[in-house]
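**Student:** One structure follows; several queries about it will come next.
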Amino acid sequence: MSEHGSIGPVTAQRLSFAAPITLAAGITLPAWELAYETYGTLNAARSNAILVCHALSGHHHVAGYYADDPKNVGWWDNLIGPGKPLDTNRFFVVGVNNLGGCHGSTGPSSINPATGEPWGADFPVVTVSDWVKAQAQLADALGIEAWAVVVGGSLGGMQALQWTIDQPARIRHALVIAAAPRLTAENIAFNDVARQAIITDPEFHGGNFYRHKVRPTRGLRLARMLGHITYLSDDQMAEKFGRKRRPSAGSYGFGVEFEIESYLRYQGDKFAGWFDANTYLLMTKALDYFDPADACDGDLAAALAVAKAKFLVVAFTTDWRFSPARSREIVNALVKNKHDVSYAEITSPHGHDAFLMDDHYYHAVLAAYLRNVAT
Amino acid sequence: MTHSLKRPDFDVIAGWMKAGESVLDLGCGEGELMQLLASRGLCGWGIERDPGRVLAAIENGVNVIQSNLEEGLAGFEDQAFDHVVLSRTLQTVRHTQQILAEMLRVGREAVISFPNFAYWKNRMAVLNGRMPVSDDLPYQWYDTPNVRFFTMLDFESLCDEMGIAVRERMVLDEHGNNVTEEHNFLGSLAVYRIGRDS
């Protein structure tokens, strides 16, 4: 195996929790499951565990590949493995699919034991705090008293931040990447257009499309196309697509003419083919609700006063969905509390999606920070 | 005399601070001063713009915030830090008065070190027709990051003009030894502790 190798074939696992969990919405799930994967070895002191939190469309398959599906490589595989920044020779890395997800954890497409049918529209809205609560129970089950690190990008970074507030004794380092302390009106507006695209699709059936054996793929496709625009940067789109046209394109019509149209439709179709529409609604709502400062009259520093973790905050120059200025709000609130925090602002053309990309400086910063994390 | 990390001004700066106090180090480089201060029980954050130095500072285990000085200071609240340090950097900042005012807005005190252009060897160099180059001014005129050229007397009169009090001053020669007389003539590097009296 090379120094910076793949973790190799991995196996997804699933854990059932018999104790009910009560969510912020006031609804209790009587029994629930989490899908997760682990890489590396938990040390005897159980002090080398890293939790990787996923963003809107992510899941627990974070690194490696499946033996029976070698092309299905984990979504953060460039970061996790032997010799990589999240070095599995040192750390025990855990990826988890959140409650409300559609990759094996209990969510809207799971069977509601009360009805024997998929939850559908009845599945409760979940919050970032709910996820932290569920992840803490996974930590209990794995025998992890405190995470050495909780890391995530975008909505995943928000979970890392929430961990430091909800479970301050159980997290030693938080890596908050391409995140924000709360969504702006513009962010919420984008999310609502995406939700409206799904909800108004005739095949959505109020969220209970499963029983009609259909899927609201048109709505989901539009939602993803819109989202995708906001994950890229104007510069990058100009460079990659510009005003280039398809060789076979006609003109003066509404077919696929410009390359960007073709690209977005392809991304939309691909996503709509596998993602659950109700999960998309839940994830965007969790984003909208996220606002840890709200409990302290909008004072983020007051909300972070309880945190005990050390922080690394990372932002990307062309990320306009969660701009560097939003990350600086987090940094300033941490400094106000005299918490340990470093902040790196990565020059990247890739917009919000940069947190998933293989960038030398970005990965060097994560590697340098993590080398100083004691195990 | 032995100096920490070959930076005699760091010893002076650290000597003016107490364990438990908070420090903001502007242009912190690879975080050497922060490491020294952390070892003496202070908590601190550095501001640094250069990606390579930010990476090195993170490797050195210090708190570093990647930003330029102006933006770096704007987000902090009034009197957020006990000390704000600007070591060997004031001569590279274009907006001199603005940075001094900002330092004393976010910090209770500011510590500033800078090369003294009136040091006798610098004067000699100019008398001999060349711009000075020394350990404290290690650049050629064509590659220097310095944009403001000033002396100890110039700095003190600006402080006076801005209503800033000089609380302490330490002047060092090229070897890092204390200069006790004829400061503006014999001093190569000046370190000031400044604040506002009101």
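A note on labels: chains of the structure tokens are A, B, ... as shown, every chain counts residues from 1, and ligands are counted from 1 in their shown order.
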Within 8 Å of B:Val64, counting only C-alpha atoms, which residues show up once you throw out same-chain ones fewer than 3 positions away? Write them as number ranges by chain, please.
**Tutor:** A: 341-343; B: 28, 31, 45-48, 54, 57-58
**Student:** Take the selection from the previous step and output its residues with all heavy atoms, as a PDB file, in the first residue's frame.
**Tutor:**
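To be explicit, this is the file written out as part_7.pdb:
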ATOM      1  N   VAL A 341      -8.457  28.979  18.444  1.00  0.00           N
ATOM      2  CA  VAL A 341      -8.996  28.841  17.088  1.00  0.00           C
ATOM      3  C   VAL A 341      -7.957  29.280  16.069  1.00  0.00           C
ATOM      4  O   VAL A 341      -7.252  30.280  16.262  1.00  0.00           O
ATOM      5  CB  VAL A 341     -10.304  29.652  16.897  1.00  0.00           C
ATOM      6  CG1 VAL A 341     -10.119  31.112  17.246  1.00  0.00           C
ATOM      7  CG2 VAL A 341     -10.826  29.533  15.453  1.00  0.00           C
ATOM      8  N   SER A 342      -7.830  28.499  14.995  1.00  0.00           N
ATOM      9  CA  SER A 342      -7.085  28.931  13.827  1.00  0.00           C
ATOM     10  C   SER A 342      -8.058  29.013  12.657  1.00  0.00           C
ATOM     11  O   SER A 342      -9.073  28.313  12.629  1.00  0.00           O
ATOM     12  CB  SER A 342      -5.949  27.956  13.499  1.00  0.00           C
ATOM     13  OG  SER A 342      -4.857  28.196  14.365  1.00  0.00           O
ATOM     14  N   TYR A 343      -7.726  29.894  11.718  1.00  0.00           N
ATOM     15  CA  TYR A 343      -8.612  30.105  10.576  1.00  0.00           C
ATOM     16  C   TYR A 343      -7.785  30.169   9.300  1.00  0.00           C
ATOM     17  O   TYR A 343      -6.822  30.938   9.227  1.00  0.00           O
ATOM     18  CB  TYR A 343      -9.378  31.418  10.748  1.00  0.00           C
ATOM     19  CG  TYR A 343     -10.109  31.878   9.508  1.00  0.00           C
ATOM     20  CD1 TYR A 343     -11.192  31.157   9.018  1.00  0.00           C
ATOM     21  CD2 TYR A 343      -9.719  33.028   8.828  1.00  0.00           C
ATOM     22  CE1 TYR A 343     -11.860  31.576   7.870  1.00  0.00           C
ATOM     23  CE2 TYR A 343     -10.385  33.457   7.688  1.00  0.00           C
ATOM     24  CZ  TYR A 343     -11.453  32.727   7.217  1.00  0.00           C
ATOM     25  OH  TYR A 343     -12.116  33.134   6.086  1.00  0.00           O
TER      26      TYR A 343
ATOM     27  N   CYS B  28       2.010  37.643  12.347  1.00  0.00           N
ATOM     28  CA  CYS B  28       2.673  36.748  13.311  1.00  0.00           C
ATOM     29  C   CYS B  28       3.666  35.800  12.665  1.00  0.00           C
ATOM     30  O   CYS B  28       4.363  35.065  13.363  1.00  0.00           O
ATOM     31  CB  CYS B  28       1.639  35.949  14.090  1.00  0.00           C
ATOM     32  SG  CYS B  28       0.798  34.696  13.101  1.00  0.00           S
ATOM     33  N   GLY B  31       4.650  32.179  13.856  1.00  0.00           N
ATOM     34  CA  GLY B  31       4.129  32.050  15.213  1.00  0.00           C
ATOM     35  C   GLY B  31       5.186  31.930  16.298  1.00  0.00           C
ATOM     36  O   GLY B  31       4.889  31.479  17.404  1.00  0.00           O
ATOM     37  N   TRP B  45      -3.561  34.959  19.722  1.00  0.00           N
ATOM     38  CA  TRP B  45      -3.936  34.677  18.341  1.00  0.00           C
ATOM     39  C   TRP B  45      -3.045  35.527  17.438  1.00  0.00           C
ATOM     40  O   TRP B  45      -2.776  36.684  17.759  1.00  0.00           O
ATOM     41  CB  TRP B  45      -5.402  35.034  18.087  1.00  0.00           C
ATOM     42  CG  TRP B  45      -6.327  34.250  18.944  1.00  0.00           C
ATOM     43  CD1 TRP B  45      -6.989  33.106  18.616  1.00  0.00           C
ATOM     44  CD2 TRP B  45      -6.686  34.524  20.308  1.00  0.00           C
ATOM     45  NE1 TRP B  45      -7.713  32.653  19.688  1.00  0.00           N
ATOM     46  CE2 TRP B  45      -7.550  33.498  20.733  1.00  0.00           C
ATOM     47  CE3 TRP B  45      -6.335  35.530  21.206  1.00  0.00           C
ATOM     48  CZ2 TRP B  45      -8.077  33.461  22.024  1.00  0.00           C
ATOM     49  CZ3 TRP B  45      -6.858  35.486  22.490  1.00  0.00           C
ATOM     50  CH2 TRP B  45      -7.728  34.458  22.876  1.00  0.00           C
ATOM     51  N   GLY B  46      -2.640  34.939  16.335  1.00  0.00           N
ATOM     52  CA  GLY B  46      -1.846  35.679  15.375  1.00  0.00           C
ATOM     53  C   GLY B  46      -2.663  35.973  14.135  1.00  0.00           C
ATOM     54  O   GLY B  46      -3.589  35.233  13.795  1.00  0.00           O
ATOM     55  N   ILE B  47      -2.360  37.080  13.493  1.00  0.00           N
ATOM     56  CA  ILE B  47      -2.959  37.389  12.192  1.00  0.00           C
ATOM     57  C   ILE B  47      -1.844  37.283  11.168  1.00  0.00           C
ATOM     58  O   ILE B  47      -0.771  37.875  11.357  1.00  0.00           O
ATOM     59  CB  ILE B  47      -3.528  38.829  12.166  1.00  0.00           C
ATOM     60  CG1 ILE B  47      -4.521  39.059  13.291  1.00  0.00           C
ATOM     61  CG2 ILE B  47      -4.102  39.149  10.790  1.00  0.00           C
ATOM     62  CD1 ILE B  47      -5.928  38.714  12.983  1.00  0.00           C
ATOM     63  N   GLU B  48      -2.082  36.530  10.108  1.00  0.00           N
ATOM     64  CA  GLU B  48      -1.050  36.372   9.082  1.00  0.00           C
ATOM     65  C   GLU B  48      -1.736  36.190   7.735  1.00  0.00           C
ATOM     66  O   GLU B  48      -2.733  35.489   7.641  1.00  0.00           O
ATOM     67  CB  GLU B  48      -0.161  35.168   9.416  1.00  0.00           C
ATOM     68  CG  GLU B  48       0.909  34.848   8.406  1.00  0.00           C
ATOM     69  CD  GLU B  48       1.856  36.021   8.108  1.00  0.00           C
ATOM     70  OE1 GLU B  48       2.426  36.577   9.069  1.00  0.00           O
ATOM     71  OE2 GLU B  48       1.979  36.392   6.926  1.00  0.00           O
ATOM     72  N   VAL B  54       1.036  30.829   7.402  1.00  0.00           N
ATOM     73  CA  VAL B  54      -0.133  30.341   8.146  1.00  0.00           C
ATOM     74  C   VAL B  54       0.011  28.840   8.389  1.00  0.00           C
ATOM     75  O   VAL B  54      -0.189  28.346   9.510  1.00  0.00           O
ATOM     76  CB  VAL B  54      -1.443  30.635   7.375  1.00  0.00           C
ATOM     77  CG1 VAL B  54      -2.632  29.908   8.009  1.00  0.00           C
ATOM     78  CG2 VAL B  54      -1.706  32.135   7.334  1.00  0.00           C
ATOM     79  N   ALA B  57       2.577  28.230  11.015  1.00  0.00           N
ATOM     80  CA  ALA B  57       2.070  28.584  12.341  1.00  0.00           C
ATOM     81  C   ALA B  57       1.145  27.483  12.865  1.00  0.00           C
ATOM     82  O   ALA B  57       1.193  27.124  14.049  1.00  0.00           O
ATOM     83  CB  ALA B  57       1.341  29.924  12.295  1.00  0.00           C
ATOM     84  N   ILE B  58       0.304  26.931  11.990  1.00  0.00           N
ATOM     85  CA  ILE B  58      -0.574  25.824  12.407  1.00  0.00           C
ATOM     86  C   ILE B  58       0.283  24.626  12.802  1.00  0.00           C
ATOM     87  O   ILE B  58       0.028  23.984  13.828  1.00  0.00           O
ATOM     88  CB  ILE B  58      -1.580  25.472  11.283  1.00  0.00           C
ATOM     89  CG1 ILE B  58      -2.603  26.603  11.133  1.00  0.00           C
ATOM     90  CG2 ILE B  58      -2.294  24.154  11.582  1.00  0.00           C
ATOM     91  CD1 ILE B  58      -3.538  26.463   9.941  1.00  0.00           C
TER      92      ILE B  58
END
**Student:** Show me, as an NGL selection string, the residues that have an atom within 12 Å of A:Leu312 when counting only C-alpha atoms, minus same-chain residues fewer than 2 positions from it.
**Tutor:** (:A and (149-153 or 157 or 160-161 or 172-179 or 309-310 or 314-315 or 327-328 or 330-331 or 334 or 339-345 or 362 or 365-370 or 372-373)) or (:B and (58 or 61-66))
**Student:** Which residues are close to B:Glu174, i.e. within 9 Å by only C-alpha atoms, leaving aside same-chain residues fewer than 3 positions away? Reply as a tab-separated table (two decimals) with all heavy atoms, in the first residue's frame.
**Tutor:**
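Output file selection.tsv follows:
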chain	number	residue	atom	x	y	z
B	134	SER	N	20.94	46.15	6.52
B	134	SER	CA	21.52	45.62	7.76
B	134	SER	C	20.67	44.44	8.23
B	134	SER	O	19.70	44.07	7.55
B	134	SER	CB	21.52	46.70	8.84
B	134	SER	OG	20.17	46.98	9.23
B	135	ASP	N	21.02	43.87	9.39
B	135	ASP	CA	20.21	42.77	9.94
B	135	ASP	C	18.78	43.24	10.20
B	135	ASP	O	17.83	42.48	10.04
B	135	ASP	CB	20.82	42.26	11.25
B	135	ASP	CG	22.02	41.35	10.98
B	135	ASP	OD1	22.26	41.05	9.79
B	135	ASP	OD2	22.70	40.96	11.94
B	136	ASP	N	18.64	44.47	10.66
B	136	ASP	CA	17.30	44.98	10.94
B	136	ASP	C	16.61	45.56	9.70
B	136	ASP	O	15.40	45.77	9.71
B	136	ASP	CB	17.37	46.03	12.05
B	136	ASP	CG	17.69	45.39	13.40
B	136	ASP	OD1	17.17	44.28	13.67
B	136	ASP	OD2	18.47	45.97	14.18
B	177	ASN	N	21.70	44.28	21.99
B	177	ASN	CA	22.01	44.81	23.32
B	177	ASN	C	21.29	46.13	23.56
B	177	ASN	O	21.04	46.90	22.62
B	177	ASN	CB	23.52	45.01	23.45
B	177	ASN	CG	24.27	43.69	23.32
B	177	ASN	OD1	23.88	42.69	23.91
B	177	ASN	ND2	25.31	43.68	22.51
B	187	GLY	N	20.48	53.42	18.30
B	187	GLY	CA	19.51	52.33	18.29
B	187	GLY	C	19.18	51.85	16.88
B	187	GLY	O	18.83	52.64	16.00
B	188	SER	N	19.27	50.52	16.66
B	188	SER	CA	18.94	49.94	15.36
B	188	SER	C	17.50	49.47	15.32
B	188	SER	O	16.84	49.50	14.30
B	188	SER	CB	19.89	48.77	15.08
B	188	SER	OG	19.51	48.11	13.90
B	189	LEU	N	17.02	48.99	16.48
B	189	LEU	CA	15.65	48.49	16.56
B	189	LEU	C	14.99	49.09	17.81
B	189	LEU	O	15.57	49.03	18.89
B	189	LEU	CB	15.66	46.96	16.68
B	189	LEU	CG	14.29	46.29	16.60
B	189	LEU	CD1	13.78	46.26	15.16
B	189	LEU	CD2	14.36	44.87	17.15
**Student:** Quick one: everything within 6 Å of stretch 201-204 of chain A, counting only C-alpha atoms, minus sequence neighbours fewer than 4 positions away in the same chain. Send it as a list in words.
**Tutor:**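 These residues fall inside the cut-off: Phe209, Arg215, Pro216 and Gly219 of chain A.
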**Student:** Quick one: which residues from chain B are at most 12 Å off chain A, using only C-alpha atoms, as a VMD selection string?
**Tutor:** chain B and resid 20 to 24 31 38 42 to 68 71 to 82 106
**Student:** Would you kindly return, as a list in words, each protein, DNA or RNA residue with an atom no farther than 7 Å from any atom of B:Ile112, considering only C-alpha atoms and excluding same-chain residues fewer than 3 positions away?
**Tutor:**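 My reading of the contact set: Val85, Leu86, Ser87, Val191, Tyr192 and Arg193 of chain B.
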**Student:** Selected residues, C-alpha atoms, written as a PDB file, in the first residue's frame, please.
**Tutor:**
ATOM      1  CA  VAL B  85       1.672  43.336  18.949  1.00  0.00           C
ATOM      2  CA  LEU B  86       3.070  44.610  15.669  1.00  0.00           C
ATOM      3  CA  SER B  87       6.682  43.508  15.446  1.00  0.00           C
ATOM      4  CA  VAL B 191      10.390  48.569  20.818  1.00  0.00           C
ATOM      5  CA  TYR B 192       7.545  50.679  22.242  1.00  0.00           C
ATOM      6  CA  ARG B 193       4.723  49.965  24.637  1.00  0.00           C
TER       7      ARG B 193
END
**Student:** From a DSSP calculation on the backbone, collect every residue of stretch 38-190 of chain B in strand (DSSP E) and output the set as a ChimeraX atom specification.
**Tutor:** /B:43-48,64-66,81-87,107-115,165-172,189-190
**Student:** Pick out the residues sitting within 10 Å of B:Asp197, and hand them over as a VMD selection string; count only C-alpha atoms, and ignore anything fewer than 5 positions along from it in its own chain.
**Tutor:** chain B and resid 163 to 167
**Student:** Mind checking which residues fall within 10 Å of stretch 57-72 of chain A, counting only C-alpha atoms, ignoring those fewer than 6 positions away in the same chain, and posting them as a PyMOL selection string?
**Tutor:** chain A and resi 5-13+34-39+78-81+93-98+101-105+155-156+224+271+275-276+279-280+283-284
**Student:** I'd like to know which residues of stretch 262-301 of chain A are helix (DSSP H, G or I) (by DSSP, run on the backbone); could you write them as a PyMOL selection string?
**Tutor:** chain A and resi 262-272+277-289+292-296+300-301
**Student:** Nearest to A:Leu29 among A:Gly83, A:Gly351, A:Pro124, A:Pro181, with distances taken over only C-alpha atoms: which residue is it?
**Tutor:**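 For A:Leu29, the nearest of the candidates is A:Pro124.
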**Student:** When you draw a straight line from atom CA of A:Ala374 to atom CA of A:Arg46, how long is it in Å?
**Tutor:**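 Interatomic distance, atom CA of A:Ala374 to atom CA of A:Arg46: 11.9 Å.
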**Student:** Rank nothing, just name the residue among A:Glu261, A:Thr184, A:His205, A:Val52 nearest to A:Asp77, using only C-alpha atoms.
**Tutor:**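 Nearest to A:Asp77: A:Val52.
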**Student:** What does the structure give for the distance between atom CA of A:Asp234 and atom CA of A:Glu259, in Å to one decimal?
**Tutor:** 14.6 Å
